[in-house]
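Text of target.cif (mmCIF, C-alpha atoms (C1' of nucleotides)) as supplied:
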```
data_coords
loop_
_atom_site.label_atom_id
_atom_site.label_comp_id
_atom_site.auth_asym_id
_atom_site.auth_seq_id
_atom_site.Cartn_x
_atom_site.Cartn_y
_atom_site.Cartn_z
CA MET M 1 -4.06 21.35 8.43
CA LEU M 2 -2.18 18.07 8.71
CA LYS M 3 -1.95 16.07 5.48
CA ILE M 4 -1.23 12.36 5.63
CA ALA M 5 -0.77 10.30 2.48
CA THR M 6 0.00 6.74 1.43
CA TRP M 7 1.56 5.50 -1.81
CA ASN M 8 2.68 2.08 -2.97
CA VAL M 9 5.56 3.13 -5.24
CA ASN M 10 6.56 -0.30 -6.64
CA SER M 11 10.33 0.29 -6.21
CA ILE M 12 11.54 3.51 -4.60
CA LYS M 13 14.63 3.52 -6.82
CA GLN M 14 12.46 3.54 -9.95
CA ARG M 15 10.11 6.12 -8.42
CA GLU M 16 12.54 8.38 -6.54
CA ALA M 17 12.07 11.34 -8.92
CA ALA M 18 8.30 10.92 -9.14
CA CYS M 19 8.08 10.69 -5.38
CA ALA M 20 10.11 13.87 -4.92
CA ALA M 21 7.99 15.69 -7.52
CA TRP M 22 4.77 14.62 -5.84
CA LEU M 23 6.04 15.66 -2.39
CA LYS M 24 6.81 19.13 -3.77
CA GLN M 25 3.35 19.63 -5.24
CA ALA M 26 1.15 17.82 -2.68
CA ALA M 27 3.31 18.75 0.33
CA PRO M 28 1.96 16.15 2.76
CA ASP M 29 3.17 16.32 6.36
CA VAL M 30 3.44 12.54 6.42
CA LEU M 31 3.86 10.09 3.54
CA CYS M 32 3.62 6.35 4.08
CA LEU M 33 5.41 4.35 1.37
CA GLN M 34 5.11 0.68 0.42
CA GLU M 35 6.92 -1.73 -1.89
CA LEU M 36 10.29 -0.02 -1.62
CA LYS M 37 11.97 -3.13 -3.08
CA CYS M 38 15.29 -2.10 -1.58
CA GLN M 39 17.25 -2.72 1.57
CA THR M 40 17.16 -0.14 4.36
CA GLU M 41 20.69 1.07 3.49
CA GLY M 42 19.72 1.55 -0.16
CA PHE M 43 16.81 3.90 0.56
CA PRO M 44 17.45 7.32 -1.07
CA ARG M 45 17.16 9.08 2.27
CA GLY M 46 19.11 12.17 1.19
CA THR M 47 16.61 13.06 -1.54
CA PHE M 48 13.80 13.24 0.99
CA GLU M 49 15.83 14.84 3.76
CA ASP M 50 16.73 17.61 1.30
CA LEU M 51 12.96 18.20 0.91
CA GLY M 52 12.58 18.55 4.67
CA TYR M 53 11.42 15.05 5.60
CA ASN M 54 12.59 12.76 8.38
CA CYS M 55 12.68 9.12 7.29
CA ALA M 56 11.83 5.91 9.14
CA VAL M 57 12.66 2.98 6.86
CA LEU M 58 12.26 -0.80 6.98
CA GLY M 59 13.72 -2.29 3.82
CA GLN M 60 14.22 -5.79 2.46
CA LYS M 61 16.18 -7.16 -0.48
CA SER M 62 14.09 -7.41 -3.68
CA PHE M 63 10.58 -7.37 -2.21
CA ASN M 64 8.30 -5.52 0.20
CA GLY M 65 9.76 -2.65 2.22
CA VAL M 66 7.91 0.21 3.94
CA ALA M 67 8.79 3.71 5.10
CA ILE M 68 7.33 6.78 6.76
CA LEU M 69 8.43 10.28 5.72
CA SER M 70 7.53 13.09 8.11
CA LYS M 71 8.10 16.83 8.13
CA HIS M 72 7.74 16.68 11.92
CA PRO M 73 9.98 14.84 14.40
CA ILE M 74 9.65 11.06 14.61
CA ASP M 75 9.96 10.16 18.29
CA GLU M 76 9.53 6.41 18.28
CA THR M 77 9.45 3.71 15.61
CA ILE M 78 8.12 0.15 15.57
CA THR M 79 9.44 -2.00 12.73
CA ALA M 80 7.56 -5.25 13.15
CA LEU M 81 3.93 -6.25 13.40
CA PRO M 82 3.65 -8.12 16.73
CA GLY M 83 2.49 -11.71 16.88
CA ASP M 84 5.03 -13.72 14.85
CA ALA M 85 8.73 -13.28 15.60
CA SER M 86 9.60 -15.60 12.69
CA ASP M 87 7.98 -13.30 10.09
CA GLU M 88 10.84 -11.66 8.17
CA GLN M 89 8.78 -9.82 5.55
CA ALA M 90 9.15 -6.01 5.74
CA ARG M 91 5.48 -5.04 5.70
CA TYR M 92 4.91 -2.82 8.73
CA ILE M 93 6.44 0.33 10.21
CA GLU M 94 4.87 2.65 12.74
CA ALA M 95 5.94 6.07 13.99
CA ALA M 96 4.90 8.38 16.80
CA ILE M 97 5.16 11.90 15.42
CA SER M 98 5.27 15.17 17.40
CA LEU M 99 3.30 18.05 15.94
CA PRO M 100 4.01 21.76 16.27
CA GLY M 101 2.07 23.14 19.22
CA GLY M 102 2.46 20.05 21.37
CA GLY M 103 0.09 17.60 19.68
CA ALA M 104 0.98 14.20 18.29
CA ILE M 105 -0.18 11.61 15.84
CA ARG M 106 0.70 7.97 15.35
CA ALA M 107 0.98 6.68 11.80
CA ALA M 108 1.63 3.22 10.36
CA SER M 109 2.72 2.29 6.83
CA ILE M 110 1.10 -1.02 5.96
CA TYR M 111 1.81 -3.44 3.13
CA ALA M 112 -0.54 -6.38 3.59
CA PRO M 113 0.23 -9.62 1.73
CA ASN M 114 -1.36 -10.12 -1.70
CA GLY M 115 -2.37 -13.71 -0.88
CA ASN M 116 -2.83 -15.13 -4.36
CA PRO M 117 -3.47 -17.79 -5.33
CA ALA M 118 -6.34 -18.61 -3.00
CA PRO M 119 -6.49 -21.03 -1.38
CA SER M 120 -2.78 -21.56 -0.74
CA GLU M 121 -0.13 -21.08 1.93
CA LYS M 122 0.14 -17.48 0.70
CA PHE M 123 -3.55 -16.93 1.33
CA ASP M 124 -3.22 -18.44 4.82
CA TYR M 125 -0.31 -16.06 5.48
CA LYS M 126 -2.40 -13.12 4.33
CA LEU M 127 -5.26 -13.97 6.70
CA ALA M 128 -2.88 -14.63 9.60
CA TRP M 129 -1.12 -11.31 8.93
CA LEU M 130 -4.45 -9.46 8.92
CA ALA M 131 -5.40 -11.13 12.22
CA ARG M 132 -2.11 -9.85 13.69
CA LEU M 133 -2.88 -6.39 12.32
CA LYS M 134 -6.29 -6.50 13.99
CA ALA M 135 -4.77 -7.46 17.34
CA HIS M 136 -2.21 -4.66 17.10
CA ALA M 137 -4.83 -2.12 16.01
CA GLN M 138 -6.80 -3.03 19.12
CA THR M 139 -3.73 -2.26 21.24
CA LEU M 140 -3.21 1.09 19.49
CA LEU M 141 -6.87 2.11 19.78
CA ALA M 142 -6.63 1.71 23.55
CA TYR M 143 -4.17 4.64 23.57
CA GLU M 144 -7.08 6.87 22.50
CA GLU M 145 -4.77 8.95 20.27
CA ALA M 146 -5.03 10.36 16.78
CA LEU M 147 -3.99 7.34 14.70
CA ALA M 148 -3.78 6.68 10.95
CA LEU M 149 -3.22 3.14 9.62
CA ALA M 150 -2.33 3.85 6.01
CA GLY M 151 -1.25 1.60 3.21
CA ASP M 152 -1.80 -1.11 0.65
CA TYR M 153 -4.21 -3.51 2.35
CA ASN M 154 -4.54 -5.65 -0.79
CA ILE M 155 -8.27 -5.84 -0.06
CA ILE M 156 -11.17 -4.61 -2.20
CA PRO M 157 -13.77 -3.77 0.47
CA ARG M 158 -16.91 -3.64 -1.73
CA ALA M 159 -18.10 -4.65 -5.19
CA ALA M 160 -18.26 -0.90 -5.92
CA ASP M 161 -14.47 -0.81 -5.50
CA VAL M 162 -13.64 -3.04 -8.49
CA TYR M 163 -14.45 -2.59 -12.17
CA ASN M 164 -15.71 -6.17 -12.62
CA PRO M 165 -16.67 -7.81 -9.31
CA ALA M 166 -17.69 -11.13 -10.87
CA ALA M 167 -14.26 -11.60 -12.42
CA TRP M 168 -12.58 -10.97 -9.07
CA ALA M 169 -14.84 -13.09 -6.84
CA GLU M 170 -12.22 -15.80 -6.22
CA ASP M 171 -9.20 -13.49 -6.13
CA ALA M 172 -7.43 -13.14 -2.77
CA LEU M 173 -8.05 -9.37 -2.91
CA PHE M 174 -11.84 -9.81 -3.03
CA ARG M 175 -12.56 -13.19 -1.42
CA LEU M 176 -15.06 -13.10 1.40
CA GLU M 177 -12.38 -14.16 3.90
CA SER M 178 -10.27 -11.10 3.02
CA ARG M 179 -13.19 -8.69 3.14
CA ALA M 180 -14.31 -10.16 6.46
CA ALA M 181 -10.80 -9.68 7.88
CA PHE M 182 -10.85 -6.03 6.78
CA ARG M 183 -14.31 -5.55 8.26
CA ARG M 184 -13.21 -7.03 11.58
CA ILE M 185 -10.46 -4.38 11.71
CA LEU M 186 -12.96 -1.61 10.97
CA HIS M 187 -15.30 -2.97 13.62
CA LEU M 188 -12.69 -2.27 16.29
CA GLY M 189 -13.62 1.37 15.81
CA LEU M 190 -11.58 2.48 12.83
CA THR M 191 -13.00 4.42 9.88
CA ASP M 192 -12.08 4.24 6.19
CA ALA M 193 -11.39 7.95 5.58
CA VAL M 194 -12.18 8.01 1.86
CA MET M 195 -15.51 6.25 2.43
CA ALA M 196 -16.37 8.66 5.25
CA CYS M 197 -16.06 11.57 2.80
CA ASP M 198 -17.46 9.98 -0.37
CA SER M 199 -18.76 6.42 -0.73
CA ARG M 200 -19.29 6.46 -4.49
CA ALA M 201 -18.11 3.59 -6.68
CA GLY M 202 -14.98 3.66 -8.80
CA GLN M 203 -12.56 5.51 -6.52
CA TYR M 204 -9.68 3.33 -7.58
CA THR M 205 -6.13 3.45 -6.23
CA PHE M 206 -4.56 0.73 -8.41
CA TRP M 207 -4.62 -0.13 -12.10
CA ASP M 208 -2.73 -3.14 -13.41
CA TYR M 209 0.09 -2.50 -15.87
CA GLN M 210 -1.43 -5.11 -18.18
CA ALA M 211 -4.20 -5.04 -20.75
CA GLY M 212 -4.57 -1.26 -20.82
CA ALA M 213 -6.22 -1.25 -17.39
CA TRP M 214 -5.38 2.42 -16.78
CA GLN M 215 -6.63 3.61 -20.16
CA LYS M 216 -9.90 1.70 -19.64
CA ASP M 217 -10.17 2.76 -15.98
CA GLN M 218 -10.29 -0.88 -14.93
CA GLY M 219 -9.03 -0.33 -11.40
CA LEU M 220 -9.27 -1.48 -7.82
CA ARG M 221 -9.57 0.40 -4.53
CA ILE M 222 -7.08 -1.45 -2.33
CA ASP M 223 -5.10 1.36 -0.65
CA HIS M 224 -6.80 2.72 2.45
CA ILE M 225 -6.31 5.13 5.33
CA LEU M 226 -8.06 3.99 8.52
CA LEU M 227 -8.55 6.56 11.28
CA SER M 228 -9.07 6.26 15.03
CA PRO M 229 -12.05 8.16 16.51
CA GLN M 230 -9.68 10.91 17.70
CA ALA M 231 -8.38 11.37 14.13
CA LEU M 232 -11.82 11.00 12.55
CA ALA M 233 -13.10 13.85 14.72
CA ARG M 234 -10.55 16.07 12.94
CA LEU M 235 -11.16 14.77 9.39
CA ALA M 236 -11.53 17.64 6.94
CA SER M 237 -11.17 15.85 3.59
CA ALA M 238 -9.97 12.65 1.97
CA GLY M 239 -9.37 11.58 -1.58
CA ILE M 240 -7.28 9.94 -4.25
CA ASP M 241 -4.82 11.78 -6.47
CA ARG M 242 -4.98 9.99 -9.84
CA LYS M 243 -2.40 12.16 -11.56
CA PRO M 244 0.75 10.21 -10.67
CA ARG M 245 -0.72 7.08 -12.31
CA SER M 246 -0.77 9.02 -15.62
CA TRP M 247 2.90 10.02 -15.42
CA ASP M 248 5.66 8.39 -17.45
CA LYS M 249 6.95 5.13 -15.93
CA PRO M 250 4.34 5.18 -13.13
CA SER M 251 3.76 2.97 -10.14
CA ASP M 252 0.66 0.80 -10.62
CA HIS M 253 -0.75 2.51 -7.49
CA THR M 254 -1.57 6.19 -6.91
CA PRO M 255 -1.57 8.20 -3.65
CA VAL M 256 -4.43 8.39 -1.15
CA LEU M 257 -4.55 11.50 1.01
CA VAL M 258 -6.36 12.81 4.11
CA SER M 259 -6.40 16.27 5.66
CA LEU M 260 -6.91 16.51 9.41
CA ASP M 261 -7.71 19.66 11.33
CA LEU M 262 -4.70 19.24 13.61
"C1'" DA P 1 -6.46 -17.75 -26.34
"C1'" DT P 2 -3.41 -19.52 -20.08
"C1'" DG P 3 -1.52 -14.20 -22.89
"C1'" DG P 4 -0.58 -9.34 -21.41
"C1'" DT P 5 3.39 -5.59 -18.01
"C1'" DA P 6 6.73 -4.19 -14.44
"C1'" DG P 7 10.60 -4.83 -11.12
"C1'" DC P 8 14.33 -7.43 -9.16
"C1'" DT P 9 17.77 -10.31 -10.69
"C1'" DG P 10 20.43 -12.78 -13.47
"C1'" DG P 11 16.02 -17.94 -13.75
"C1'" DG P 12 12.06 -17.40 -11.54
"C1'" DC P 13 9.31 -15.06 -8.25
"C1'" DT P 14 6.09 -11.50 -6.93
"C1'" DA P 15 2.46 -8.71 -8.04
#
```
Go ahead and render the structure in this file as structure tokens.
Amino acid sequence: MLKIATWNVNSIKQREAACAAWLKQAAPDVLCLQELKCQTEGFPRGTFEDLGYNCAVLGQKSFNGVAILSKHPIDETITALPGDASDEQARYIEAAISLPGGGAIRAASIYAPNGNPAPSEKFDYKLAWLARLKAHAQTLLAYEEALALAGDYNIIPRAADVYNPAAWAEDALFRLESRAAFRRILHLGLTDAVMACDSRAGQYTFWDYQAGAWQKDQGLRIDHILLSPQALARLASAGIDRKPRSWDKPSDHTPVLVSLDL
DNA sequence: ATGGTAGCTGGGCTA
């Protein structure tokens, strides 16, 4: 069984120990990380290599930053989302991974822009970035491989994925433009793995640090794993591990996980 | 009620 996970850690330096602890207990084959908030050279590579993971890292000073950890060999890495050579934000990394027995899977770690306030230049950047992601996803789907696009999409797909939809109607995470952009990506032929297994409301992946959001379970489902048809055909289970959000000094996000029969 | 928290950085931005 191949386990692929995604986790926005909100600073890998603050979350290095938690990340190592979670890797030991959940033992994913692949972990996509977002919001490293460190430069590539500052990534605590040794900690993860000691646990048996290869690391592909795209860092940036202060903000953003994405990585892919893999127990299996990483053959090829792409460190930019095509479509805008002037975009310097570290929000996308993709790896082709060889599996034991001769198979392979392609995985991307995605950190989509937040986009608030909306409307604004930030919101325009979010929508443009999502359009680039759609174009690239179309390219990848043409390979007809097992593919997982995993990460923090900063999009609440449905009203059932937010504790108070009315309060979030004008937020960049829930605006119709954002949800439409997400839906256009799905319509290429990708499947939201958690929804494919269980479409109930309240499967949150993020709880704000403020106002006791975690204690009141006032969360959002904004972290997603999208699968190609070849990966979906092998989907065994998908879910959210809430435990790390309850730990001391947590990230505001918690991991999302899929198991594939590969 | 224009707060409240966290991280990076060294004042303000991002989320």
Open item on the list: If the PyMOL selection byres ((chain M) within 9 of (chain P)) were run on this exact file, what residues would it hold? Put them as JSON, numbers by chain.
Closed with: {"M": [10, 11, 14, 37, 61, 62, 63, 114, 208, 209, 210, 211, 251, 252]}
Task: Shell around M:Asp171 at 9 Å using only C-alpha atoms (C1' of nucleotides), local window under 5 positions removed, as a PyMOL selection string - done: chain M and resi 115-118
- [ ] Compile the contact shell of stretch 121-135 of chain M as an MDAnalysis selection string: residues with an atom at most 10 Å away, counting all atoms listed in the file, same-chain residues fewer than 2 positions apart removed.
- [x] chainID M and resid 81:84 87 91:92 110 112:119 137:140 149 153:154 171:173 177:178 180:188
TODO: Take atom CA of M:Thr191 and atom CA of M:Leu58 and report the distance between them in Å, one decimal.
DONE: 26.0 Å
Task: Atomic separation - atom CA of M:Ala193 relative to atom CA of M:Leu232, Å - done: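 Pair atom CA of M:Leu232 / atom CA of M:Ala193 returns 7.6 Å.
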Open item on the list: Suppose a student applies the PyMOL selection byres ((chain M and resi 89) around 8) to this structure; what residues should they get, written as a VMD selection string?
Closed with: chain M and resid 60 64 to 65 87 to 88 90 to 91
Resulting file, chosen residues, C-alpha atoms, as a PDB file, keeping the file's coordinate frame:
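Result written to again_38.pdb:
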```pdb
ATOM      1  CA  GLN M  60      14.220  -5.790   2.460  1.00  0.00           C
ATOM      2  CA  ASN M  64       8.300  -5.520   0.200  1.00  0.00           C
ATOM      3  CA  GLY M  65       9.760  -2.650   2.220  1.00  0.00           C
ATOM      4  CA  ASP M  87       7.980 -13.300  10.090  1.00  0.00           C
ATOM      5  CA  GLU M  88      10.840 -11.660   8.170  1.00  0.00           C
ATOM      6  CA  ALA M  90       9.150  -6.010   5.740  1.00  0.00           C
ATOM      7  CA  ARG M  91       5.480  -5.040   5.700  1.00  0.00           C
TER       8      ARG M  91
END
```
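The list of residues with at least one atom within 9 Å of M:Leu260, based on only C-alpha atoms (C1' of nucleotides) and without residues fewer than 5 positions apart in the same chain, reads M:Met1, M:Leu2, M:Lys3, M:Ile4, M:Ala231, M:Leu232, M:Ala233, M:Arg234, M:Leu235, M:Ala236, M:Ser237, M:Ala238.
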TODO: Let me know the residues the PyMOL selection byres ((chain M and resi 78) around 7) catches in the file above, as an MDAnalysis selection string.
DONE: chainID M and resid 76:77 79:80 93:95
Task: Separation of atom CA of M:Trp168 from atom CA of M:Trp247, in Å and rounded to one decimal - done: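 Going from atom CA of M:Trp168 over to atom CA of M:Trp247, I get 26.8 Å.
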Fill-in result for stretch 154-177 of chain M, N, CA and C atoms as a PDB file, in the frame of the given file:
```pdb
ATOM      1  N   ASN M 154      -4.271  -4.572   0.154  1.00  0.00           N
ATOM      2  CA  ASN M 154      -4.540  -5.650  -0.790  1.00  0.00           C
ATOM      3  C   ASN M 154      -5.922  -6.271  -0.559  1.00  0.00           C
ATOM      4  N   ILE M 155      -6.883  -5.402  -0.243  1.00  0.00           N
ATOM      5  CA  ILE M 155      -8.270  -5.840  -0.060  1.00  0.00           C
ATOM      6  C   ILE M 155      -9.201  -4.843  -0.756  1.00  0.00           C
ATOM      7  N   ILE M 156     -10.105  -5.384  -1.562  1.00  0.00           N
ATOM      8  CA  ILE M 156     -11.170  -4.610  -2.200  1.00  0.00           C
ATOM      9  C   ILE M 156     -12.375  -4.710  -1.265  1.00  0.00           C
ATOM     10  N   PRO M 157     -12.736  -3.628  -0.568  1.00  0.00           N
ATOM     11  CA  PRO M 157     -13.770  -3.770   0.470  1.00  0.00           C
ATOM     12  C   PRO M 157     -15.171  -4.079  -0.059  1.00  0.00           C
ATOM     13  N   ARG M 158     -15.530  -3.509  -1.231  1.00  0.00           N
ATOM     14  CA  ARG M 158     -16.910  -3.640  -1.730  1.00  0.00           C
ATOM     15  C   ARG M 158     -16.883  -3.928  -3.232  1.00  0.00           C
ATOM     16  N   ALA M 159     -17.988  -4.444  -3.742  1.00  0.00           N
ATOM     17  CA  ALA M 159     -18.100  -4.650  -5.190  1.00  0.00           C
ATOM     18  C   ALA M 159     -17.956  -3.319  -5.941  1.00  0.00           C
ATOM     19  N   ALA M 160     -18.356  -2.219  -5.296  1.00  0.00           N
ATOM     20  CA  ALA M 160     -18.260  -0.900  -5.920  1.00  0.00           C
ATOM     21  C   ALA M 160     -16.815  -0.422  -6.047  1.00  0.00           C
ATOM     22  N   ASP M 161     -15.882  -1.206  -5.484  1.00  0.00           N
ATOM     23  CA  ASP M 161     -14.470  -0.810  -5.500  1.00  0.00           C
ATOM     24  C   ASP M 161     -13.646  -1.611  -6.501  1.00  0.00           C
ATOM     25  N   VAL M 162     -14.330  -2.272  -7.435  1.00  0.00           N
ATOM     26  CA  VAL M 162     -13.640  -3.040  -8.490  1.00  0.00           C
ATOM     27  C   VAL M 162     -14.464  -2.946  -9.761  1.00  0.00           C
ATOM     28  N   TYR M 163     -13.761  -2.845 -10.901  1.00  0.00           N
ATOM     29  CA  TYR M 163     -14.450  -2.590 -12.170  1.00  0.00           C
ATOM     30  C   TYR M 163     -15.320  -3.754 -12.603  1.00  0.00           C
ATOM     31  N   ASN M 164     -14.944  -4.984 -12.213  1.00  0.00           N
ATOM     32  CA  ASN M 164     -15.710  -6.170 -12.620  1.00  0.00           C
ATOM     33  C   ASN M 164     -15.742  -7.168 -11.471  1.00  0.00           C
ATOM     34  N   PRO M 165     -16.656  -6.974 -10.524  1.00  0.00           N
ATOM     35  CA  PRO M 165     -16.670  -7.810  -9.310  1.00  0.00           C
ATOM     36  C   PRO M 165     -16.747  -9.300  -9.602  1.00  0.00           C
ATOM     37  N   ALA M 166     -17.514  -9.693 -10.591  1.00  0.00           N
ATOM     38  CA  ALA M 166     -17.690 -11.130 -10.870  1.00  0.00           C
ATOM     39  C   ALA M 166     -16.360 -11.772 -11.229  1.00  0.00           C
ATOM     40  N   ALA M 167     -15.538 -11.046 -11.989  1.00  0.00           N
ATOM     41  CA  ALA M 167     -14.260 -11.600 -12.420  1.00  0.00           C
ATOM     42  C   ALA M 167     -13.268 -11.722 -11.263  1.00  0.00           C
ATOM     43  N   TRP M 168     -13.524 -11.001 -10.193  1.00  0.00           N
ATOM     44  CA  TRP M 168     -12.580 -10.970  -9.070  1.00  0.00           C
ATOM     45  C   TRP M 168     -13.064 -11.774  -7.867  1.00  0.00           C
ATOM     46  N   ALA M 169     -14.199 -12.446  -7.990  1.00  0.00           N
ATOM     47  CA  ALA M 169     -14.840 -13.090  -6.840  1.00  0.00           C
ATOM     48  C   ALA M 169     -13.903 -14.059  -6.103  1.00  0.00           C
ATOM     49  N   GLU M 170     -13.086 -14.794  -6.847  1.00  0.00           N
ATOM     50  CA  GLU M 170     -12.220 -15.800  -6.220  1.00  0.00           C
ATOM     51  C   GLU M 170     -10.799 -15.305  -5.988  1.00  0.00           C
ATOM     52  N   ASP M 171     -10.541 -14.051  -6.325  1.00  0.00           N
ATOM     53  CA  ASP M 171      -9.200 -13.490  -6.130  1.00  0.00           C
ATOM     54  C   ASP M 171      -8.989 -13.199  -4.639  1.00  0.00           C
ATOM     55  N   ALA M 172      -7.746 -13.359  -4.194  1.00  0.00           N
ATOM     56  CA  ALA M 172      -7.430 -13.140  -2.770  1.00  0.00           C
ATOM     57  C   ALA M 172      -7.728 -11.710  -2.330  1.00  0.00           C
ATOM     58  N   LEU M 173      -7.778 -10.763  -3.271  1.00  0.00           N
ATOM     59  CA  LEU M 173      -8.050  -9.370  -2.910  1.00  0.00           C
ATOM     60  C   LEU M 173      -9.535  -9.120  -2.636  1.00  0.00           C
ATOM     61  N   PHE M 174     -10.386 -10.054  -3.123  1.00  0.00           N
ATOM     62  CA  PHE M 174     -11.840  -9.810  -3.030  1.00  0.00           C
ATOM     63  C   PHE M 174     -12.583 -10.981  -2.389  1.00  0.00           C
ATOM     64  N   ARG M 175     -11.883 -12.063  -2.065  1.00  0.00           N
ATOM     65  CA  ARG M 175     -12.560 -13.190  -1.420  1.00  0.00           C
ATOM     66  C   ARG M 175     -13.234 -12.750  -0.131  1.00  0.00           C
ATOM     67  N   LEU M 176     -14.302 -13.465   0.198  1.00  0.00           N
ATOM     68  CA  LEU M 176     -15.060 -13.100   1.400  1.00  0.00           C
ATOM     69  C   LEU M 176     -14.197 -13.116   2.655  1.00  0.00           C
ATOM     70  N   GLU M 177     -13.235 -14.071   2.710  1.00  0.00           N
ATOM     71  CA  GLU M 177     -12.380 -14.160   3.900  1.00  0.00           C
ATOM     72  C   GLU M 177     -11.568 -12.878   4.082  1.00  0.00           C
TER      73      GLU M 177
END
```
